[in-house]
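Listing of start-v9.cif, mmCIF, C-alpha atoms and all ligand atoms
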```
data_work
#
loop_
_atom_site.group_PDB
_atom_site.id
_atom_site.type_symbol
_atom_site.label_atom_id
_atom_site.label_comp_id
_atom_site.auth_asym_id
_atom_site.auth_seq_id
_atom_site.Cartn_x
_atom_site.Cartn_y
_atom_site.Cartn_z
ATOM 1 C CA MET G 1 115.350 112.559 89.273
ATOM 2 C CA ALA G 2 118.178 110.130 89.916
ATOM 3 C CA ARG G 3 120.683 108.492 87.575
ATOM 4 C CA ILE G 4 122.694 105.284 87.863
ATOM 5 C CA ALA G 5 125.426 106.366 85.495
ATOM 6 C CA ALA G 6 127.294 103.055 85.579
ATOM 7 C CA ALA G 7 124.221 100.931 84.825
ATOM 8 C CA LEU G 8 124.556 98.663 81.803
ATOM 9 C CA PRO G 9 124.052 98.915 78.914
ATOM 10 C CA PHE G 10 123.619 102.683 79.480
ATOM 11 C CA PRO G 11 122.616 105.038 82.355
ATOM 12 C CA PHE G 12 119.336 104.322 84.145
ATOM 13 C CA ASP G 13 117.328 107.469 84.913
ATOM 14 C CA PHE G 14 114.475 107.245 87.407
ATOM 15 C CA ASP G 15 112.304 109.256 89.741
ATOM 16 C CA PRO G 16 112.673 107.711 93.238
ATOM 17 C CA ALA G 17 109.078 108.752 94.046
ATOM 18 C CA ARG G 18 107.906 106.548 91.162
ATOM 19 C CA THR G 19 110.295 103.673 91.730
ATOM 20 C CA ALA G 20 109.795 100.495 93.756
ATOM 21 C CA LEU G 21 112.315 97.992 95.014
ATOM 22 C CA VAL G 22 110.907 94.531 94.316
ATOM 23 C CA MET G 23 112.634 91.864 96.390
ATOM 24 C CA ILE G 24 111.730 88.473 94.985
ATOM 25 C CA ASP G 25 111.195 85.402 97.193
ATOM 26 C CA MET G 26 113.964 85.867 99.777
ATOM 27 C CA GLN G 27 112.343 83.043 101.737
ATOM 28 C CA ARG G 28 113.775 80.459 104.062
ATOM 29 C CA ASP G 29 112.491 77.739 101.670
ATOM 30 C CA PHE G 30 114.988 78.898 99.035
ATOM 31 C CA LEU G 31 117.839 80.167 101.213
ATOM 32 C CA GLU G 32 118.114 77.749 104.117
ATOM 33 C CA PRO G 33 118.733 73.995 104.428
ATOM 34 C CA GLY G 34 115.672 71.752 104.587
ATOM 35 C CA GLY G 35 113.418 73.823 102.313
ATOM 36 C CA PHE G 36 112.219 73.717 98.715
ATOM 37 C CA GLY G 37 115.513 74.726 97.110
ATOM 38 C CA ALA G 38 117.392 72.007 98.975
ATOM 39 C CA ALA G 39 114.662 69.442 98.218
ATOM 40 C CA LEU G 40 115.294 70.089 94.519
ATOM 41 C CA GLY G 41 118.895 69.013 95.076
ATOM 42 C CA ASN G 42 120.460 72.480 95.184
ATOM 43 C CA ASP G 43 123.275 73.881 97.358
ATOM 44 C CA VAL G 44 121.456 76.705 99.138
ATOM 45 C CA GLY G 45 124.772 78.086 100.420
ATOM 46 C CA LEU G 46 125.354 79.466 96.926
ATOM 47 C CA LEU G 47 122.679 82.106 97.598
ATOM 48 C CA ALA G 48 124.282 83.518 100.776
ATOM 49 C CA PRO G 49 126.149 86.389 99.053
ATOM 50 C CA ALA G 50 122.858 87.650 97.602
ATOM 51 C CA VAL G 51 121.356 87.870 101.099
ATOM 52 C CA ALA G 52 124.151 90.209 102.163
ATOM 53 C CA GLY G 53 123.747 92.263 98.982
ATOM 54 C CA ALA G 54 119.976 92.396 99.384
ATOM 55 C CA GLU G 55 120.394 93.681 102.955
ATOM 56 C CA ARG G 56 122.493 96.584 101.689
ATOM 57 C CA LEU G 57 120.055 97.241 98.850
ATOM 58 C CA LEU G 58 117.064 97.247 101.205
ATOM 59 C CA ALA G 59 118.838 99.662 103.552
ATOM 60 C CA ALA G 60 119.558 102.053 100.684
ATOM 61 C CA ALA G 61 116.011 101.840 99.320
ATOM 62 C CA ARG G 62 114.482 102.378 102.751
ATOM 63 C CA SER G 63 116.594 105.408 103.555
ATOM 64 C CA ALA G 64 115.714 106.909 100.157
ATOM 65 C CA GLY G 65 111.996 106.361 100.811
ATOM 66 C CA LEU G 66 111.431 103.965 97.890
ATOM 67 C CA LEU G 67 108.324 101.833 97.940
ATOM 68 C CA VAL G 68 109.513 98.389 99.071
ATOM 69 C CA ILE G 69 107.718 95.254 97.896
ATOM 70 C CA HIS G 70 108.609 91.714 98.965
ATOM 71 C CA THR G 71 107.221 88.656 97.209
ATOM 72 C CA ARG G 72 106.908 85.110 98.516
ATOM 73 C CA GLU G 73 106.296 82.024 96.374
ATOM 74 C CA CYS G 74 103.832 79.938 98.354
ATOM 75 C CA HIS G 75 100.521 78.146 98.168
ATOM 76 C CA ALA G 76 97.317 77.782 100.125
ATOM 77 C CA PRO G 77 97.367 74.958 102.711
ATOM 78 C CA ASP G 78 94.853 72.960 100.627
ATOM 79 C CA LEU G 79 97.035 73.483 97.512
ATOM 80 C CA ALA G 80 94.003 74.856 95.641
ATOM 81 C CA ASP G 81 96.299 77.379 93.937
ATOM 82 C CA CYS G 82 99.061 74.878 93.116
ATOM 83 C CA PRO G 83 98.689 73.330 89.674
ATOM 84 C CA PRO G 84 99.068 69.532 89.997
ATOM 85 C CA ALA G 85 101.681 69.679 87.219
ATOM 86 C CA LYS G 86 103.821 71.993 89.350
ATOM 87 C CA ARG G 87 103.666 69.706 92.359
ATOM 88 C CA ALA G 88 104.242 66.534 90.330
ATOM 89 C CA ARG G 89 107.259 67.862 88.429
ATOM 90 C CA GLY G 90 110.505 65.894 88.720
ATOM 91 C CA THR G 91 111.659 63.718 91.581
ATOM 92 C CA PRO G 92 112.365 66.154 94.443
ATOM 93 C CA GLY G 93 113.187 64.891 97.941
ATOM 94 C CA LEU G 94 110.072 66.693 99.168
ATOM 95 C CA ARG G 95 107.172 68.046 97.151
ATOM 96 C CA ILE G 96 105.218 71.279 97.662
ATOM 97 C CA GLY G 97 102.955 70.723 100.678
ATOM 98 C CA ASP G 98 105.079 67.919 102.189
ATOM 99 C CA ALA G 99 106.305 68.292 105.775
ATOM 100 C CA GLY G 100 109.930 69.460 105.906
ATOM 101 C CA LEU G 101 112.337 70.865 108.481
ATOM 102 C CA MET G 102 110.676 74.316 108.256
ATOM 103 C CA GLY G 103 107.062 73.179 108.136
ATOM 104 C CA ARG G 104 105.195 72.280 104.962
ATOM 105 C CA ILE G 105 107.180 73.111 101.827
ATOM 106 C CA LEU G 106 106.140 76.400 100.142
ATOM 107 C CA ILE G 107 102.898 76.687 102.091
ATOM 108 C CA ARG G 108 101.641 80.111 103.163
ATOM 109 C CA GLY G 109 102.092 80.744 106.875
ATOM 110 C CA GLN G 110 104.678 77.985 107.377
ATOM 111 C CA PRO G 111 108.148 78.954 108.704
ATOM 112 C CA GLY G 112 109.817 78.022 105.413
ATOM 113 C CA ALA G 113 107.601 80.377 103.431
ATOM 114 C CA GLU G 114 108.598 83.364 105.599
ATOM 115 C CA LEU G 115 111.220 85.849 104.461
ATOM 116 C CA THR G 116 114.633 85.044 105.885
ATOM 117 C CA GLN G 117 115.172 86.953 109.106
ATOM 118 C CA ALA G 118 117.768 89.446 107.824
ATOM 119 C CA LEU G 119 115.398 90.504 105.037
ATOM 120 C CA ALA G 120 112.094 90.598 106.924
ATOM 121 C CA ALA G 121 109.560 93.195 105.814
ATOM 122 C CA LEU G 122 109.145 96.311 107.937
ATOM 123 C CA PRO G 123 105.683 97.606 108.889
ATOM 124 C CA GLY G 124 104.204 99.465 105.928
ATOM 125 C CA GLU G 125 106.116 97.494 103.305
ATOM 126 C CA VAL G 126 104.102 95.448 100.844
ATOM 127 C CA VAL G 127 104.316 91.635 101.002
ATOM 128 C CA ILE G 128 102.771 89.766 98.087
ATOM 129 C CA ASP G 129 102.228 86.009 98.129
ATOM 130 C CA LYS G 130 102.379 84.506 94.667
ATOM 131 C CA PRO G 131 101.497 81.028 93.429
ATOM 132 C CA GLY G 132 103.622 81.277 90.286
ATOM 133 C CA LYS G 133 107.211 81.977 89.393
ATOM 134 C CA GLY G 134 106.301 85.389 87.981
ATOM 135 C CA ALA G 135 104.995 87.868 90.563
ATOM 136 C CA PHE G 136 102.208 89.279 88.376
ATOM 137 C CA TYR G 137 100.315 86.008 87.834
ATOM 138 C CA ALA G 138 97.278 85.794 90.181
ATOM 139 C CA THR G 139 98.456 88.641 92.439
ATOM 140 C CA SER G 140 97.693 92.312 93.048
ATOM 141 C CA LEU G 141 101.239 93.424 92.161
ATOM 142 C CA ASP G 142 100.262 95.474 89.112
ATOM 143 C CA GLU G 143 97.377 97.180 90.966
ATOM 144 C CA THR G 144 99.720 97.975 93.851
ATOM 145 C CA LEU G 145 102.307 99.512 91.535
ATOM 146 C CA GLN G 146 99.664 101.490 89.664
ATOM 147 C CA ALA G 147 98.131 102.745 92.923
ATOM 148 C CA HIS G 148 101.523 104.140 93.923
ATOM 149 C CA GLY G 149 102.217 105.660 90.500
ATOM 150 C CA VAL G 150 105.255 103.429 89.988
ATOM 151 C CA THR G 151 106.978 103.490 86.594
ATOM 152 C CA HIS G 152 110.428 102.048 87.419
ATOM 153 C CA LEU G 153 111.371 98.828 89.212
ATOM 154 C CA ILE G 154 114.621 97.798 90.863
ATOM 155 C CA PHE G 155 114.887 94.029 91.351
ATOM 156 C CA GLY G 156 116.737 91.794 93.768
ATOM 157 C CA GLY G 157 115.967 88.303 94.995
ATOM 158 C CA VAL G 158 116.156 84.645 94.056
ATOM 159 C CA THR G 159 116.547 82.857 91.867
ATOM 160 C CA THR G 160 117.881 85.002 89.079
ATOM 161 C CA GLU G 161 116.784 82.844 86.161
ATOM 162 C CA VAL G 162 113.489 81.597 87.593
ATOM 163 C CA CYS G 163 111.300 83.959 89.644
ATOM 164 C CA VAL G 164 113.362 87.120 89.183
ATOM 165 C CA GLN G 165 113.652 86.748 85.427
ATOM 166 C CA SER G 166 109.998 85.723 84.961
ATOM 167 C CA THR G 167 108.845 88.766 86.921
ATOM 168 C CA MET G 168 111.234 91.176 85.257
ATOM 169 C CA ARG G 169 110.300 90.092 81.752
ATOM 170 C CA GLU G 170 106.614 90.486 82.474
ATOM 171 C CA ALA G 171 107.187 93.854 84.154
ATOM 172 C CA ASN G 172 109.043 94.971 81.044
ATOM 173 C CA ASP G 173 106.097 93.905 78.866
ATOM 174 C CA ARG G 174 103.770 95.873 81.141
ATOM 175 C CA GLY G 175 105.795 99.015 80.501
ATOM 176 C CA TYR G 176 107.902 99.280 83.646
ATOM 177 C CA ALA G 177 111.567 100.220 83.214
ATOM 178 C CA CYS G 178 113.434 97.485 85.081
ATOM 179 C CA LEU G 179 116.878 97.238 86.620
ATOM 180 C CA LEU G 180 118.350 94.030 88.055
ATOM 181 C CA VAL G 181 120.850 94.459 90.904
ATOM 182 C CA GLU G 182 123.514 91.889 90.152
ATOM 183 C CA ASP G 183 124.910 91.380 93.667
ATOM 184 C CA ALA G 184 121.456 91.281 95.293
ATOM 185 C CA THR G 185 120.310 88.316 93.203
ATOM 186 C CA ASP G 186 121.645 84.807 92.818
ATOM 187 C CA SER G 187 121.096 81.385 91.356
ATOM 188 C CA TYR G 188 121.956 77.833 92.333
ATOM 189 C CA PHE G 189 123.630 77.795 88.890
ATOM 190 C CA PRO G 190 126.254 80.569 88.503
ATOM 191 C CA ALA G 191 126.254 80.171 84.726
ATOM 192 C CA PHE G 192 122.495 80.785 84.595
ATOM 193 C CA LYS G 193 122.858 84.004 86.617
ATOM 194 C CA ALA G 194 125.646 85.228 84.328
ATOM 195 C CA ALA G 195 123.530 84.428 81.274
ATOM 196 C CA VAL G 196 120.505 86.318 82.651
ATOM 197 C CA LEU G 197 122.584 89.418 83.366
ATOM 198 C CA GLU G 198 123.864 89.322 79.781
ATOM 199 C CA MET G 199 120.504 88.637 78.140
ATOM 200 C CA VAL G 200 118.665 91.305 80.165
ATOM 201 C CA ARG G 201 120.929 94.122 79.046
ATOM 202 C CA ALA G 202 121.705 92.839 75.527
ATOM 203 C CA GLN G 203 120.165 94.371 72.422
ATOM 204 C CA GLY G 204 119.969 97.867 73.945
ATOM 205 C CA ALA G 205 118.375 96.806 77.270
ATOM 206 C CA ILE G 206 115.836 94.510 75.626
ATOM 207 C CA VAL G 207 114.557 93.464 79.078
ATOM 208 C CA GLY G 208 116.221 96.128 81.214
ATOM 209 C CA TRP G 209 119.349 97.343 82.939
ATOM 210 C CA THR G 210 121.841 95.879 85.425
ATOM 211 C CA ALA G 211 123.905 97.586 88.136
ATOM 212 C CA THR G 212 125.575 96.784 91.465
ATOM 213 C CA VAL G 213 124.203 97.562 94.932
ATOM 214 C CA ALA G 214 126.893 100.213 95.380
ATOM 215 C CA GLU G 215 125.923 101.868 92.102
ATOM 216 C CA VAL G 216 122.227 101.881 93.031
ATOM 217 C CA ALA G 217 122.914 103.123 96.563
ATOM 218 C CA GLY G 218 125.220 105.841 95.216
ATOM 219 C CA SER G 219 122.411 107.215 93.080
ATOM 220 C CA LEU G 220 119.966 107.578 95.967
ATOM 221 C CA SER G 221 119.791 110.343 98.539
ATOM 222 C CA PRO G 222 118.179 110.092 101.978
ATOM 223 C CA ALA G 223 114.533 111.080 102.090
ATOM 224 C CA ALA G 224 111.796 111.411 104.664
ATOM 225 C CA PRO G 225 110.686 107.960 105.794
ATOM 226 C CA ARG G 226 107.618 106.585 104.095
ATOM 227 C CA ALA G 227 104.308 106.668 105.904
ATOM 228 C CA VAL G 228 103.821 103.413 107.765
ATOM 229 C CA ALA G 229 100.557 101.567 107.330
ATOM 230 C CA ASP G 230 98.666 100.349 110.375
ATOM 231 C CA PRO G 231 100.152 96.914 111.206
ATOM 232 C CA ASP G 232 96.652 95.750 112.156
ATOM 233 C CA LEU G 233 95.386 96.594 108.692
ATOM 234 C CA ASP G 234 95.109 92.950 107.608
ATOM 235 C CA SER G 235 92.725 92.054 110.412
ATOM 236 C CA PHE G 236 90.864 95.357 110.007
ATOM 237 C CA ILE G 237 90.237 94.616 106.322
ATOM 238 C CA ASP G 238 89.398 90.951 106.986
ATOM 239 C CA ASN G 239 86.891 91.920 109.681
ATOM 240 C CA GLY G 240 85.341 94.483 107.348
ATOM 241 C CA ALA G 241 85.075 91.855 104.618
ATOM 242 C CA LYS G 242 83.386 89.463 107.058
ATOM 243 C CA LEU G 243 80.884 92.144 108.098
ATOM 244 C CA LEU G 244 80.048 92.826 104.462
ATOM 245 C CA GLY G 245 79.895 89.126 103.581
ATOM 246 C CA ILE G 246 82.797 89.413 101.104
ATOM 247 C CA PRO G 247 84.799 86.156 100.784
ATOM 248 C CA LEU G 248 88.316 86.505 102.214
ATOM 249 C CA ASP G 249 90.848 86.624 99.415
ATOM 250 C CA PRO G 250 94.518 87.536 100.026
ATOM 251 C CA ALA G 251 94.845 89.164 96.589
ATOM 252 C CA TRP G 252 91.775 91.326 97.213
ATOM 253 C CA ARG G 253 93.096 92.264 100.666
ATOM 254 C CA GLU G 254 96.433 93.337 99.149
ATOM 255 C CA GLY G 255 94.553 95.531 96.673
ATOM 256 C CA VAL G 256 92.621 97.240 99.459
ATOM 257 C CA LYS G 257 95.846 97.686 101.436
ATOM 258 C CA ALA G 258 97.574 99.277 98.467
ATOM 259 C CA ASN G 259 94.825 101.854 98.186
ATOM 260 C CA VAL G 260 94.765 102.497 101.928
ATOM 261 C CA ALA G 261 98.543 102.952 101.874
ATOM 262 C CA VAL G 262 98.209 105.628 99.191
ATOM 263 C CA ILE G 263 95.555 107.460 101.237
ATOM 264 C CA LEU G 264 97.657 107.218 104.413
ATOM 265 C CA ARG G 265 100.656 108.556 102.564
ATOM 266 C CA GLN G 266 98.724 111.546 101.267
ATOM 267 C CA ALA G 267 97.376 112.197 104.779
ATOM 268 C CA HIS G 268 100.883 111.968 106.200
ATOM 269 C CA ILE G 269 102.209 114.463 103.656
ATOM 270 C CA ALA G 270 99.263 116.804 104.233
ATOM 271 C CA MET G 271 99.629 116.674 108.008
ATOM 272 C CA GLU G 272 103.350 117.440 107.847
ATOM 273 C CA THR G 273 102.561 120.472 105.716
ATOM 274 C CA ASP G 274 99.875 121.607 108.132
ATOM 275 C CA ILE G 275 102.028 121.398 111.258
ATOM 276 C CA PRO G 276 104.345 124.442 111.284
ATOM 277 C CA ASP G 277 106.361 123.323 114.328
ATOM 278 C CA GLU G 278 106.043 121.245 117.475
ATOM 279 C CA THR G 279 105.031 124.198 119.665
ATOM 280 C CA ASP G 280 102.021 125.019 117.504
ATOM 281 C CA PRO G 281 100.456 121.694 116.606
ATOM 282 C CA ALA G 282 97.698 121.574 114.059
ATOM 283 C CA PRO G 283 94.496 119.816 115.151
ATOM 284 C CA VAL G 284 94.730 116.043 115.043
ATOM 285 C CA PHE G 285 91.823 114.040 113.628
ATOM 286 C CA GLY G 286 88.963 114.043 116.145
ATOM 287 C CA ALA G 287 90.696 116.359 118.634
HETATM 288 N N1 LIG U 301 113.961 76.510 91.693
HETATM 289 C C1 LIG U 301 114.302 77.777 91.508
HETATM 290 O O1 LIG U 301 115.403 78.095 91.055
HETATM 291 N N2 LIG U 301 113.442 78.805 91.861
HETATM 292 C C2 LIG U 301 112.138 78.661 92.251
HETATM 293 O O2 LIG U 301 111.544 77.597 92.247
HETATM 294 N N3 LIG U 301 111.508 79.803 92.684
HETATM 295 C C3 LIG U 301 112.064 81.071 92.665
HETATM 296 O O3 LIG U 301 112.973 81.350 91.885
HETATM 297 N N4 LIG U 301 111.633 81.937 93.558
#
```

Is it possible to give me this structure as structure tokens?
Ligand code: TIU
Amino acid sequence: MARIAAALPFPFDFDPARTALVMIDMQRDFLEPGGFGAALGNDVGLLAPAVAGAERLLAAARSAGLLVIHTRECHAPDLADCPPAKRARGTPGLRIGDAGLMGRILIRGQPGAELTQALAALPGEVVIDKPGKGAFYATSLDETLQAHGVTHLIFGGVTTEVCVQSTMREANDRGYACLLVEDATDSYFPAFKAAVLEMVRAQGAIVGWTATVAEVAGSLSPAAPRAVADPDLDSFIDNGAKLLGIPLDPAWREGVKANVAVILRQAHIAMETDIPDETDPAPVFGA
């Protein structure tokens, strides 16, 4: 067990083996000029400190062996998963699907929808594309967390009061104990971020806890690296689906990947146990 003693409003106790870091929407479209955030009239430079904090948080989570999940807010190229009301809202410089400086705004596969380079996912980490502000709506996030036995969530990402807060509130309703890392999240509106931090931890952690990156990192100890999933898994699953005549569906693929990742992890643990030392290797599959 681990404890973040300085967490507010009181210490946060968690089992790192049952805890995931959920990094919300650290995409170029929100963080860099010429994307969705800028098209809404925001100063994207305000989010830069959170990128630095999120880098430190990711490093700590990775070295402690936490499950790492990245989300990306984006839509299918034909906008089939984008409610017209979402696209029509307001008078932005560019709407979802319009061509911008980083490709089409908030469209899956476009440069702007990718995670910003410093926070790119490593092989084996989960990346979930989401059409909503909350990360549970129309995604496999809950199945992924359940498949890994996760009970506690540590959140970073942008923006604090939109996608991070939506996701954290729903996670709390689903029974996950949630902690928001205050210097790994940010908003285009500093007052909104401050208000979220207060409202999350008010009323005896009504939504969850808050802590700093340093406090989270200080609670974690290095662990064996997580098993890494086959980077070709996406195409393997897609080819299998084609062979079986199953329609390709990113959410379904993520669900399959989550289960495969659990199996690979168990195999990895079992194989480590079976190999006493390098001079006396245990049989490898098929050898
Ligand atoms: N506009 C804004 O603050 N945020 C979003 O639209 N999406 C996320 O927060 N990811």

Around ligand LIG 301 (chain U), out to 9 Å and counting only C-alpha atoms and all ligand atoms, which residues are there? I want them as a PDB file with C-alpha atoms, in the frame of the given file.
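Result written to selection_35.pdb:
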```
ATOM      1  CA  ILE G  24     111.730  88.473  94.985  1.00  0.00           C
ATOM      2  CA  ASP G  25     111.195  85.402  97.193  1.00  0.00           C
ATOM      3  CA  MET G  26     113.964  85.867  99.777  1.00  0.00           C
ATOM      4  CA  GLN G  27     112.343  83.043 101.737  1.00  0.00           C
ATOM      5  CA  PHE G  30     114.988  78.898  99.035  1.00  0.00           C
ATOM      6  CA  PHE G  36     112.219  73.717  98.715  1.00  0.00           C
ATOM      7  CA  GLY G  37     115.513  74.726  97.110  1.00  0.00           C
ATOM      8  CA  LEU G  40     115.294  70.089  94.519  1.00  0.00           C
ATOM      9  CA  ASN G  42     120.460  72.480  95.184  1.00  0.00           C
ATOM     10  CA  THR G  71     107.221  88.656  97.209  1.00  0.00           C
ATOM     11  CA  ARG G  72     106.908  85.110  98.516  1.00  0.00           C
ATOM     12  CA  GLU G  73     106.296  82.024  96.374  1.00  0.00           C
ATOM     13  CA  GLY G 132     103.622  81.277  90.286  1.00  0.00           C
ATOM     14  CA  LYS G 133     107.211  81.977  89.393  1.00  0.00           C
ATOM     15  CA  GLY G 134     106.301  85.389  87.981  1.00  0.00           C
ATOM     16  CA  GLY G 157     115.967  88.303  94.995  1.00  0.00           C
ATOM     17  CA  VAL G 158     116.156  84.645  94.056  1.00  0.00           C
ATOM     18  CA  THR G 159     116.547  82.857  91.867  1.00  0.00           C
ATOM     19  CA  THR G 160     117.881  85.002  89.079  1.00  0.00           C
ATOM     20  CA  GLU G 161     116.784  82.844  86.161  1.00  0.00           C
ATOM     21  CA  VAL G 162     113.489  81.597  87.593  1.00  0.00           C
ATOM     22  CA  CYS G 163     111.300  83.959  89.644  1.00  0.00           C
ATOM     23  CA  VAL G 164     113.362  87.120  89.183  1.00  0.00           C
ATOM     24  CA  GLN G 165     113.652  86.748  85.427  1.00  0.00           C
ATOM     25  CA  SER G 166     109.998  85.723  84.961  1.00  0.00           C
ATOM     26  CA  SER G 187     121.096  81.385  91.356  1.00  0.00           C
ATOM     27  CA  TYR G 188     121.956  77.833  92.333  1.00  0.00           C
ATOM     28  CA  PHE G 189     123.630  77.795  88.890  1.00  0.00           C
TER      29      PHE G 189
END
```

Please compute the CA of Asp129 (chain G)-CA of Leu220 (chain G) distance, one decimal, in Å.
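CA of Leu220 (chain G) lies 28.0 Å from CA of Asp129 (chain G).
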
Name the residues that the PyMOL selection byres (((chain G and resi 221) around 12) and not hetatm) pulls out of this structure, and write them as a list in words.
Met1, Ala2, Arg3, Asp15, Pro16, Ala17, Ala59, Ala60, Ala61, Arg62, Ser63, Ala64, Gly65, Leu66, Val216, Ala217, Gly218, Ser219, Leu220, Pro222, Ala223, Ala224 and Pro225 of chain G

Show me, as a list in words, the residues that have an atom within 7 Å of region 45-52 of chain G when counting only C-alpha atoms, minus same-chain residues fewer than 6 positions from it.
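Within the cut-off, the hits are Leu31, Asp183, Ala184, Thr185, Asp186, Ser187 and Tyr188 of chain G.
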
Explicit residue set for the PyMOL selection byres (((chain G and resi 170) around 12) and not hetatm), as a ChimeraX atom specification:
/G:133-137,141-142,153,163-169,171-178,207-208

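Reported to one decimal place, the separation of CA of His70 (chain G) from CA of Asp249 (chain G) is 18.5 Å.
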
Axis-aligned box over every listed atom of region 154-158 of chain G, padded by 6 Å per side: centre and edges in Å to one decimal, as JSON?
```
{"center_x": 115.7, "center_y": 91.2, "center_z": 92.9, "size_x": 14.1, "size_y": 25.2, "size_z": 16.1}
```

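Near Leu67 (chain G), within a cut-off of 9 Å and counting all atoms listed in the file, sit the residues Pro16, Ala17, Arg18, Thr19, Ala20, Leu21, Val22, Ala61, Arg62, Glu125, Val126, His148, Val150 and Arg226 of chain G, with same-chain residues fewer than 3 positions away left out.
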
Any chance you could export the current selection's C-alpha atoms as a PDB file, keeping the file's coordinate frame?
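The resulting file, out.pdb, is reproduced below:
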```pdb
ATOM      1  CA  PRO G  16     112.673 107.711  93.238  1.00  0.00           C
ATOM      2  CA  ALA G  17     109.078 108.752  94.046  1.00  0.00           C
ATOM      3  CA  ARG G  18     107.906 106.548  91.162  1.00  0.00           C
ATOM      4  CA  THR G  19     110.295 103.673  91.730  1.00  0.00           C
ATOM      5  CA  ALA G  20     109.795 100.495  93.756  1.00  0.00           C
ATOM      6  CA  LEU G  21     112.315  97.992  95.014  1.00  0.00           C
ATOM      7  CA  VAL G  22     110.907  94.531  94.316  1.00  0.00           C
ATOM      8  CA  ALA G  61     116.011 101.840  99.320  1.00  0.00           C
ATOM      9  CA  ARG G  62     114.482 102.378 102.751  1.00  0.00           C
ATOM     10  CA  GLU G 125     106.116  97.494 103.305  1.00  0.00           C
ATOM     11  CA  VAL G 126     104.102  95.448 100.844  1.00  0.00           C
ATOM     12  CA  HIS G 148     101.523 104.140  93.923  1.00  0.00           C
ATOM     13  CA  VAL G 150     105.255 103.429  89.988  1.00  0.00           C
ATOM     14  CA  ARG G 226     107.618 106.585 104.095  1.00  0.00           C
TER      15      ARG G 226
END
```

How would region 81-93 of chain G look with N, CA and C atoms restored, written as a compact mmCIF listing (two decimals), in the coordinates of the input?
```txt
# COMPACT_ATOMS: atom_id res chain seq x y z
N ASP G 81 95.66 76.50 94.93
CA ASP G 81 96.30 77.38 93.94
C ASP G 81 97.62 76.80 93.41
N CYS G 82 97.84 75.52 93.62
CA CYS G 82 99.06 74.88 93.12
C CYS G 82 98.68 73.91 91.99
N PRO G 83 99.04 74.24 90.77
CA PRO G 83 98.69 73.33 89.67
C PRO G 83 99.30 71.95 89.94
N PRO G 84 98.51 70.87 89.77
CA PRO G 84 99.07 69.53 90.00
C PRO G 84 100.37 69.30 89.21
N ALA G 85 100.47 69.88 88.03
CA ALA G 85 101.68 69.68 87.22
C ALA G 85 102.90 70.29 87.89
N LYS G 86 102.69 71.37 88.65
CA LYS G 86 103.82 71.99 89.35
C LYS G 86 104.29 71.10 90.48
N ARG G 87 103.33 70.55 91.20
CA ARG G 87 103.67 69.71 92.36
C ARG G 87 104.29 68.38 91.91
N ALA G 88 103.82 67.87 90.77
CA ALA G 88 104.24 66.53 90.33
C ALA G 88 105.60 66.55 89.63
N ARG G 89 106.07 67.75 89.27
CA ARG G 89 107.26 67.86 88.43
C ARG G 89 108.50 67.23 89.06
N GLY G 90 109.20 66.40 88.31
CA GLY G 90 110.50 65.89 88.72
C GLY G 90 110.43 64.87 89.84
N THR G 91 111.60 64.67 90.47
CA THR G 91 111.66 63.72 91.58
C THR G 91 112.33 64.38 92.79
N PRO G 92 111.73 65.46 93.31
CA PRO G 92 112.36 66.15 94.44
C PRO G 92 112.29 65.30 95.70
N GLY G 93 113.20 65.60 96.66
CA GLY G 93 113.19 64.89 97.94
C GLY G 93 111.87 65.12 98.65
```
